[in-house]
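See below for the structure under consideration.
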Amino acid sequence: MSASVYSQITEEAKQADIQTYDLYTSAKWSELIDAGNKALSKGIDFYYLRMRLGIAYYSLNNYMSAAEHLKQALEYVPKDPAAYEYLYWSLVYSGRDREARLLASEMPEKLKSDIKAIPEKMVKDFYAEGGLMFNGDYKENPYSGFGTDTLIYGEQKPDKKSNYISLNFNIIPWKRLTIFTGYNNINITSNRKIVSIGNAPENFEVSTIQNEFYLNAGVYTGKGFTLSGILHYLNVKVNDVSAAVNTTTGGITYTKTSNTLNDYVGLFSIEKSLNHFKFILGNSYSSLNKGKQIQNGLTIVYFPLGNLDLYSVTDLVVHSENKEDTLINPSGSYLTRGIVKQKVGVKVIDKLWLEAFYMFGNAENYHEDNAYVVFNSVNVMNNRFGINLISPITSNLQISLRYQYYKQDVPELVYETATTYKFIEKSNFFHKIIGSIKWTF
C-alpha cells in the first residue's frame, strides 16, 4: 500500500500520510493507531489512512474498530477488493453475520472465491439442547401450617423434577432475512400435597406436559439495524388433582383433572450494532397462565476488546401483568416490576468460553433471549445464577454445558376458617443442567 501525496492536500495531511505509511510498512500497529486517530481528530481523512487504521485494528484482533474504518475506506473507493476482504472478515469475526452476508452479495463471484467467503446455504445451522431439573429441597418441604390448631385445609404443589428437549433450525431464505424456528418439549413432575383437619395428609404425583413452537424472523435493513418479529406458542396440558368436601361423609373427595392452556408470546425488537456495542430494544405482549403480560426490555451488549473474546450482556426489563385469578388477584389490577440480568463471557483458553450470569427479580410469566425461554411456571422463579461452558470444537461443531441454580417460591394455600385463607411462600432451591450441540452446514 504505497504512500500517496497530492498537491491539493495540506502539509499536515502529507506528513500524516508519510508517518502512517512508515508505521504500516513496519507493522507497528499500536503506534499507527495512535497516529491515525490523532490525524482524524484534526480533520485529516483519506482512503489510505482509513485502510491503514482498519488493517492495524484487524491485526490486533479488534475487528469491530477495524470494520468502522474499512467502511469509511469503501466510501472513498467503492468496491475496493482489499477493503472488501478485510471488512468481510472483520464482520464475521465480530459475530455480525447478517452484515457480512449482505456485503458478500455485493462482491463479484471471483472476489468471493478469492477471499474464501463462507458459502451461502438455505439452512445455516441446526441447534439442539436438552436438560434436566431437580428440586434440591424436595424432601424438606413440609406444610408450615400442618399440625397446628388453626389449620382447616392446606395445599401446595412443588415441582419435583423435569426434563426437556429442543430442536431448532436457522434458515436463510434471502440475503437480508434470517428465520430461526424450533420445537421444545417439557415434562414436569410435581407433587400435589393436601392436608385437612380430621383427614390423613395426601400426596399425588401430577404432571405438566408442554409443547412449544418458536419462530423468529429477522430482517437486516442496513447500517447495523435488524428488525425482528417473534412468536412463541405454548400448548400446556396440566394433569392435576382437586379436592372437595364430601357433604355426606364429611371427608375429602379427590378428583383427577386435566386442563389445557394455549398460551403465546408475541415480540417485536429493534437491534442496532454500533462499534463495540449492540443494543436491542424489545416490546412484547403475552397471554400466560390465564393472565395478560406486557414486557419492555433493553439489552446492552458491550465488547471491550472489539472482538468476541470478552463481552458483557445487560438486560433491563419492565414487566407488567394482569392476573385473571380471583383468588390470587381479586382486584384484577396490573402489577409492574423490574428485572435485571447481568452476564459476562470470556475466552479462557483456545476454543473454550466461560459465561456467568445472575438474574435479580421475580421471573413470573417472564421471557428472555428474544422470548426463546419462557418462565410460565405457577411457582415463581427468582434470583437465578448460572455458569455456561461453550466450545466451538471445529468450524462446524459447537457444544456447550450449562448449569443453573435458582429459587422458586411455592405458594401454600392455607384455610384457617371456612372463608378465611392466606398464602404462605415456601422457598425451594433448584438445580438445572443443560447440554447443547450446534452444527453449522
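Naming works like this for the C-alpha cells: A, B, ... for the chains as they're shown, residue 1 at the start of each chain, ligands 1 onward in shown order.
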Do you have, as a Markdown table, the list of residues of segment 61-121 of chain A lying at most 12 Å from segment 30-38 of chain A, each with its nearest atom pair and that distance in Å to one decimal, counting only C-alpha atoms and ordered by chain then number?
```
| residue | atom | partner | partner_atom | distance |
| --- | --- | --- | --- | --- |
| A:Asn61 | CA | A:Ser30 | CA | 11.8 |
| A:Asn62 | CA | A:Ser30 | CA | 11.3 |
| A:Ser65 | CA | A:Ile33 | CA | 10.5 |
| A:Ala66 | CA | A:Ile33 | CA | 10.5 |
| A:His69 | CA | A:Asn37 | CA | 10.6 |
```
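Using only C-alpha atoms, the residues found no farther than 7 Å from Gln398 of chain A, other than those of its own chain fewer than 2 positions away, are Ser391, Pro392, Ile393, Thr394, Asn396, Ser400, Ile437, Lys438 and Trp439 of chain A.
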Would you save the residues of that selection, restricted to N, CA, C and O atoms, as a PDB file, in the first residue's frame?
```pdb
ATOM      1  N   SER A 391     -17.885 -24.416  23.687  1.00  0.00           N
ATOM      2  CA  SER A 391     -16.672 -24.793  22.965  1.00  0.00           C
ATOM      3  C   SER A 391     -16.974 -25.036  21.489  1.00  0.00           C
ATOM      4  O   SER A 391     -17.698 -25.973  21.156  1.00  0.00           O
ATOM      5  N   PRO A 392     -16.429 -24.193  20.587  1.00  0.00           N
ATOM      6  CA  PRO A 392     -16.503 -24.488  19.156  1.00  0.00           C
ATOM      7  C   PRO A 392     -15.395 -25.465  18.783  1.00  0.00           C
ATOM      8  O   PRO A 392     -14.259 -25.083  18.498  1.00  0.00           O
ATOM      9  N   ILE A 393     -15.709 -26.744  18.803  1.00  0.00           N
ATOM     10  CA  ILE A 393     -14.691 -27.783  18.598  1.00  0.00           C
ATOM     11  C   ILE A 393     -14.074 -27.685  17.212  1.00  0.00           C
ATOM     12  O   ILE A 393     -12.857 -27.790  17.040  1.00  0.00           O
ATOM     13  N   THR A 394     -14.918 -27.506  16.200  1.00  0.00           N
ATOM     14  CA  THR A 394     -14.458 -27.303  14.830  1.00  0.00           C
ATOM     15  C   THR A 394     -15.220 -26.122  14.243  1.00  0.00           C
ATOM     16  O   THR A 394     -16.068 -25.523  14.907  1.00  0.00           O
ATOM     17  N   ASN A 396     -17.479 -26.353  12.199  1.00  0.00           N
ATOM     18  CA  ASN A 396     -18.861 -26.796  12.017  1.00  0.00           C
ATOM     19  C   ASN A 396     -19.567 -27.156  13.311  1.00  0.00           C
ATOM     20  O   ASN A 396     -20.786 -27.052  13.401  1.00  0.00           O
ATOM     21  N   SER A 400     -21.979 -27.137  24.218  1.00  0.00           N
ATOM     22  CA  SER A 400     -21.997 -26.334  25.438  1.00  0.00           C
ATOM     23  C   SER A 400     -22.580 -27.147  26.585  1.00  0.00           C
ATOM     24  O   SER A 400     -23.355 -28.085  26.383  1.00  0.00           O
ATOM     25  N   ILE A 437     -25.824 -28.843  21.351  1.00  0.00           N
ATOM     26  CA  ILE A 437     -24.951 -29.068  20.219  1.00  0.00           C
ATOM     27  C   ILE A 437     -25.447 -28.224  19.048  1.00  0.00           C
ATOM     28  O   ILE A 437     -26.669 -28.103  18.830  1.00  0.00           O
ATOM     29  N   LYS A 438     -24.515 -27.613  18.347  1.00  0.00           N
ATOM     30  CA  LYS A 438     -24.857 -26.783  17.189  1.00  0.00           C
ATOM     31  C   LYS A 438     -23.989 -27.208  16.008  1.00  0.00           C
ATOM     32  O   LYS A 438     -22.762 -27.282  16.132  1.00  0.00           O
ATOM     33  N   TRP A 439     -24.650 -27.493  14.894  1.00  0.00           N
ATOM     34  CA  TRP A 439     -23.926 -27.906  13.698  1.00  0.00           C
ATOM     35  C   TRP A 439     -24.174 -26.874  12.594  1.00  0.00           C
ATOM     36  O   TRP A 439     -25.317 -26.615  12.233  1.00  0.00           O
TER      37      TRP A 439
END
```
Near Asn362 of chain A, within 7 Å and counting only C-alpha atoms, which residues show up once chain neighbours fewer than 6 positions away are dropped, as a PDB file with all heavy atoms, in the first residue's frame?
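Heads up, here's the output in around_26.pdb:
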```pdb
ATOM      1  N   ILE A 339     -36.837  -6.271  36.388  1.00  0.00           N
ATOM      2  CA  ILE A 339     -35.966  -7.443  36.401  1.00  0.00           C
ATOM      3  C   ILE A 339     -34.643  -7.050  35.743  1.00  0.00           C
ATOM      4  O   ILE A 339     -34.633  -6.399  34.700  1.00  0.00           O
ATOM      5  CB  ILE A 339     -36.606  -8.623  35.647  1.00  0.00           C
ATOM      6  CG1 ILE A 339     -37.935  -9.018  36.296  1.00  0.00           C
ATOM      7  CG2 ILE A 339     -35.663  -9.829  35.606  1.00  0.00           C
ATOM      8  CD1 ILE A 339     -38.750 -10.003  35.478  1.00  0.00           C
ATOM      9  N   VAL A 380     -43.033 -19.258  41.255  1.00  0.00           N
ATOM     10  CA  VAL A 380     -42.274 -18.141  40.704  1.00  0.00           C
ATOM     11  C   VAL A 380     -40.775 -18.316  40.943  1.00  0.00           C
ATOM     12  O   VAL A 380     -40.329 -18.499  42.077  1.00  0.00           O
ATOM     13  CB  VAL A 380     -42.751 -16.810  41.317  1.00  0.00           C
ATOM     14  CG1 VAL A 380     -41.958 -15.648  40.735  1.00  0.00           C
ATOM     15  CG2 VAL A 380     -44.238 -16.620  41.066  1.00  0.00           C
ATOM     16  N   MET A 381     -40.004 -18.241  39.842  1.00  0.00           N
ATOM     17  CA  MET A 381     -38.550 -18.302  39.924  1.00  0.00           C
ATOM     18  C   MET A 381     -37.987 -16.917  40.208  1.00  0.00           C
ATOM     19  O   MET A 381     -38.475 -15.913  39.701  1.00  0.00           O
ATOM     20  CB  MET A 381     -37.971 -18.813  38.604  1.00  0.00           C
ATOM     21  CG  MET A 381     -36.460 -18.793  38.541  1.00  0.00           C
ATOM     22  SD  MET A 381     -35.838 -19.083  36.868  1.00  0.00           S
ATOM     23  CE  MET A 381     -36.387 -20.744  36.598  1.00  0.00           C
ATOM     24  N   ASN A 382     -36.923 -16.860  41.034  1.00  0.00           N
ATOM     25  CA  ASN A 382     -36.216 -15.593  41.243  1.00  0.00           C
ATOM     26  C   ASN A 382     -34.780 -15.856  41.660  1.00  0.00           C
ATOM     27  O   ASN A 382     -34.403 -16.958  42.029  1.00  0.00           O
ATOM     28  CB  ASN A 382     -36.945 -14.711  42.270  1.00  0.00           C
ATOM     29  CG  ASN A 382     -37.166 -15.410  43.593  1.00  0.00           C
ATOM     30  OD1 ASN A 382     -36.225 -15.913  44.195  1.00  0.00           O
ATOM     31  ND2 ASN A 382     -38.414 -15.450  44.044  1.00  0.00           N
TER      32      ASN A 382
END
```
Problem - All residues 8 Å or closer to Phe169 of chain A, only C-alpha atoms, same chain fewer than 3 positions away omitted, as a list in words - result: Val123, Lys124, Asp125, Phe126, Tyr127, Phe180, Thr181 and Gly182 of chain A
May I have the residues from that selection written out with all heavy atoms, as a PDB file, in the first residue's frame?
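Output saved as out.pdb:
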```
ATOM      1  N   VAL A 123     -30.146 -23.605   4.667  1.00  0.00           N
ATOM      2  CA  VAL A 123     -30.135 -23.982   6.083  1.00  0.00           C
ATOM      3  C   VAL A 123     -28.754 -23.671   6.635  1.00  0.00           C
ATOM      4  O   VAL A 123     -27.767 -24.296   6.246  1.00  0.00           O
ATOM      5  CB  VAL A 123     -30.481 -25.468   6.274  1.00  0.00           C
ATOM      6  CG1 VAL A 123     -30.470 -25.824   7.755  1.00  0.00           C
ATOM      7  CG2 VAL A 123     -31.846 -25.786   5.670  1.00  0.00           C
ATOM      8  N   LYS A 124     -28.686 -22.678   7.508  1.00  0.00           N
ATOM      9  CA  LYS A 124     -27.391 -22.250   8.035  1.00  0.00           C
ATOM     10  C   LYS A 124     -26.872 -23.203   9.100  1.00  0.00           C
ATOM     11  O   LYS A 124     -25.710 -23.615   9.076  1.00  0.00           O
ATOM     12  CB  LYS A 124     -27.509 -20.843   8.609  1.00  0.00           C
ATOM     13  CG  LYS A 124     -26.195 -20.314   9.154  1.00  0.00           C
ATOM     14  CD  LYS A 124     -26.380 -18.970   9.827  1.00  0.00           C
ATOM     15  CE  LYS A 124     -25.060 -18.513  10.453  1.00  0.00           C
ATOM     16  NZ  LYS A 124     -25.236 -17.261  11.227  1.00  0.00           N
ATOM     17  N   ASP A 125     -27.731 -23.531  10.080  1.00  0.00           N
ATOM     18  CA  ASP A 125     -27.267 -24.421  11.143  1.00  0.00           C
ATOM     19  C   ASP A 125     -28.437 -25.125  11.810  1.00  0.00           C
ATOM     20  O   ASP A 125     -29.600 -24.736  11.658  1.00  0.00           O
ATOM     21  CB  ASP A 125     -26.425 -23.661  12.185  1.00  0.00           C
ATOM     22  CG  ASP A 125     -27.145 -22.453  12.771  1.00  0.00           C
ATOM     23  OD1 ASP A 125     -28.213 -22.638  13.363  1.00  0.00           O
ATOM     24  OD2 ASP A 125     -26.627 -21.330  12.644  1.00  0.00           O
ATOM     25  N   PHE A 126     -28.101 -26.166  12.547  1.00  0.00           N
ATOM     26  CA  PHE A 126     -29.051 -26.937  13.347  1.00  0.00           C
ATOM     27  C   PHE A 126     -28.599 -26.869  14.796  1.00  0.00           C
ATOM     28  O   PHE A 126     -27.416 -27.014  15.108  1.00  0.00           O
ATOM     29  CB  PHE A 126     -29.079 -28.396  12.885  1.00  0.00           C
ATOM     30  CG  PHE A 126     -29.796 -29.320  13.825  1.00  0.00           C
ATOM     31  CD1 PHE A 126     -31.179 -29.300  13.912  1.00  0.00           C
ATOM     32  CD2 PHE A 126     -29.089 -30.192  14.636  1.00  0.00           C
ATOM     33  CE1 PHE A 126     -31.851 -30.149  14.789  1.00  0.00           C
ATOM     34  CE2 PHE A 126     -29.742 -31.042  15.516  1.00  0.00           C
ATOM     35  CZ  PHE A 126     -31.125 -31.021  15.592  1.00  0.00           C
ATOM     36  N   TYR A 127     -29.563 -26.629  15.698  1.00  0.00           N
ATOM     37  CA  TYR A 127     -29.238 -26.475  17.107  1.00  0.00           C
ATOM     38  C   TYR A 127     -30.175 -27.351  17.935  1.00  0.00           C
ATOM     39  O   TYR A 127     -31.400 -27.345  17.733  1.00  0.00           O
ATOM     40  CB  TYR A 127     -29.398 -25.011  17.535  1.00  0.00           C
ATOM     41  CG  TYR A 127     -29.158 -24.762  18.998  1.00  0.00           C
ATOM     42  CD1 TYR A 127     -27.869 -24.687  19.513  1.00  0.00           C
ATOM     43  CD2 TYR A 127     -30.224 -24.609  19.880  1.00  0.00           C
ATOM     44  CE1 TYR A 127     -27.643 -24.460  20.856  1.00  0.00           C
ATOM     45  CE2 TYR A 127     -30.013 -24.376  21.232  1.00  0.00           C
ATOM     46  CZ  TYR A 127     -28.715 -24.305  21.716  1.00  0.00           C
ATOM     47  OH  TYR A 127     -28.504 -24.088  23.055  1.00  0.00           O
ATOM     48  N   PHE A 180     -35.245 -18.238  12.420  1.00  0.00           N
ATOM     49  CA  PHE A 180     -34.886 -19.251  13.418  1.00  0.00           C
ATOM     50  C   PHE A 180     -36.185 -19.876  13.917  1.00  0.00           C
ATOM     51  O   PHE A 180     -37.062 -19.174  14.423  1.00  0.00           O
ATOM     52  CB  PHE A 180     -34.118 -18.612  14.571  1.00  0.00           C
ATOM     53  CG  PHE A 180     -33.641 -19.594  15.598  1.00  0.00           C
ATOM     54  CD1 PHE A 180     -32.461 -20.295  15.415  1.00  0.00           C
ATOM     55  CD2 PHE A 180     -34.375 -19.821  16.754  1.00  0.00           C
ATOM     56  CE1 PHE A 180     -32.012 -21.199  16.370  1.00  0.00           C
ATOM     57  CE2 PHE A 180     -33.944 -20.724  17.711  1.00  0.00           C
ATOM     58  CZ  PHE A 180     -32.749 -21.417  17.523  1.00  0.00           C
ATOM     59  N   THR A 181     -36.306 -21.173  13.743  1.00  0.00           N
ATOM     60  CA  THR A 181     -37.549 -21.849  14.121  1.00  0.00           C
ATOM     61  C   THR A 181     -37.229 -23.115  14.898  1.00  0.00           C
ATOM     62  O   THR A 181     -36.192 -23.757  14.658  1.00  0.00           O
ATOM     63  CB  THR A 181     -38.388 -22.180  12.876  1.00  0.00           C
ATOM     64  OG1 THR A 181     -39.623 -22.776  13.275  1.00  0.00           O
ATOM     65  CG2 THR A 181     -37.646 -23.124  11.943  1.00  0.00           C
ATOM     66  N   GLY A 182     -38.093 -23.457  15.851  1.00  0.00           N
ATOM     67  CA  GLY A 182     -37.797 -24.620  16.677  1.00  0.00           C
ATOM     68  C   GLY A 182     -38.994 -25.180  17.402  1.00  0.00           C
ATOM     69  O   GLY A 182     -40.085 -24.595  17.430  1.00  0.00           O
TER      70      GLY A 182
END
```
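Atom to atom, atom CA of Tyr86 of chain A and atom CA of Ser59 of chain A stand 10.2 Å apart.
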Could you give me, as CSV, a per-residue list for segment 194-235 of chain A showing, wherever an atom lies at most 8 Å from an atom of segment 257-276 of chain A, the closest pair of atoms and their distance in Å to one decimal, using only C-alpha atoms and sorting by chain then residue number from low to high?
```
residue,atom,partner,partner_atom,distance
A:Gly224,CA,A:Ser273,CA,4.9
A:Phe225,CA,A:Lys272,CA,4.6
A:Thr226,CA,A:Glu271,CA,5.0
A:Leu227,CA,A:Ile270,CA,4.8
A:Ser228,CA,A:Ser269,CA,5.2
A:Gly229,CA,A:Phe268,CA,4.8
A:Ile230,CA,A:Leu267,CA,5.0
A:Leu231,CA,A:Gly266,CA,4.7
A:His232,CA,A:Val265,CA,5.1
A:Tyr233,CA,A:Tyr264,CA,4.4
A:Leu234,CA,A:Asp263,CA,5.0
A:Asn235,CA,A:Asn262,CA,4.8
```
Practice task
Return the single residue from A:Glu368, A:Val378, A:Tyr153, A:Ala200 that is closest to Ile188 of chain A, with distances computed using only C-alpha atoms.
Solution key: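 Using only C-alpha atoms, Ile188 of chain A sits closest to A:Val378.
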Handout entry: A:Tyr302, A:Tyr406, A:Tyr84, A:Tyr47 ranked by distance to Ala104 of chain A, top pick (using only C-alpha atoms)
Key = A:Tyr84
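Nearest residue to Ser196 of chain A, choosing from A:Thr221, A:Thr253, A:Gln15, A:Asn296 and counting only C-alpha atoms: A:Thr253.
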Handout entry: Interatomic distance, atom CA of Ser190 of chain A to atom CA of Asn239 of chain A (Å, one decimal)
Key =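 Separation of atom CA of Ser190 of chain A and atom CA of Asn239 of chain A: 9.8 Å.
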Practice task
Using DSSP on the backbone coordinates, identify all residues within segment 178-396 of chain A classified as strand (DSSP E); present the result as number ranges by chain.
Solution key: A: 178-196, 202-222, 225-245, 252-274, 277-288, 291-302, 310-323, 334-349, 352-363, 366-368, 373-375, 380-392
Might you pull out every residue within 8 Å of Ala128 of chain A, with only C-alpha atoms counted and same-chain residues fewer than 3 positions away left off, and present them as a compact mmCIF listing (two decimals) with N, CA, C and O atoms, in the first residue's frame?
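Wrote selection-v8.txt, looks like this:
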```
# COMPACT_ATOMS: atom_id res chain seq x y z
N ILE A 165 -36.42 -31.23 25.81
CA ILE A 165 -35.58 -31.32 24.62
C ILE A 165 -36.01 -30.24 23.65
O ILE A 165 -37.20 -29.89 23.58
N SER A 166 -35.06 -29.70 22.91
CA SER A 166 -35.33 -28.61 21.97
C SER A 166 -34.60 -28.89 20.66
O SER A 166 -33.41 -29.22 20.67
N LEU A 167 -35.30 -28.72 19.52
CA LEU A 167 -34.74 -28.94 18.19
C LEU A 167 -35.00 -27.70 17.35
O LEU A 167 -36.16 -27.25 17.26
N ASN A 168 -33.97 -27.13 16.73
CA ASN A 168 -34.10 -25.85 16.06
C ASN A 168 -33.29 -25.80 14.76
O ASN A 168 -32.24 -26.45 14.64
N SER A 436 -25.98 -28.82 24.97
CA SER A 436 -26.43 -28.44 23.64
C SER A 436 -25.36 -28.76 22.59
O SER A 436 -24.18 -28.91 22.92
N ILE A 437 -25.82 -28.84 21.35
CA ILE A 437 -24.95 -29.07 20.22
C ILE A 437 -25.45 -28.22 19.05
O ILE A 437 -26.67 -28.10 18.83
N LYS A 438 -24.52 -27.61 18.35
CA LYS A 438 -24.86 -26.78 17.19
C LYS A 438 -23.99 -27.21 16.01
O LYS A 438 -22.76 -27.28 16.13
```
Completion exercise
From the list A:Asn307, A:Thr314, A:Ser287, A:Thr189, the nearest residue to Glu205 of chain A using only C-alpha atoms is A:Thr189
Completion exercise
Pairwise distance, atom CA of Phe429 of chain A with atom CA of Tyr405 of chain A, equals 7.2 Å
Handout entry: Residues flagged helix (DSSP H, G or I) by DSSP in segment 19-141 of chain A, as a ChimeraX atom specification
Key = /A:19-25,29-41,47-59,63-76,81-93,97-105,109-114
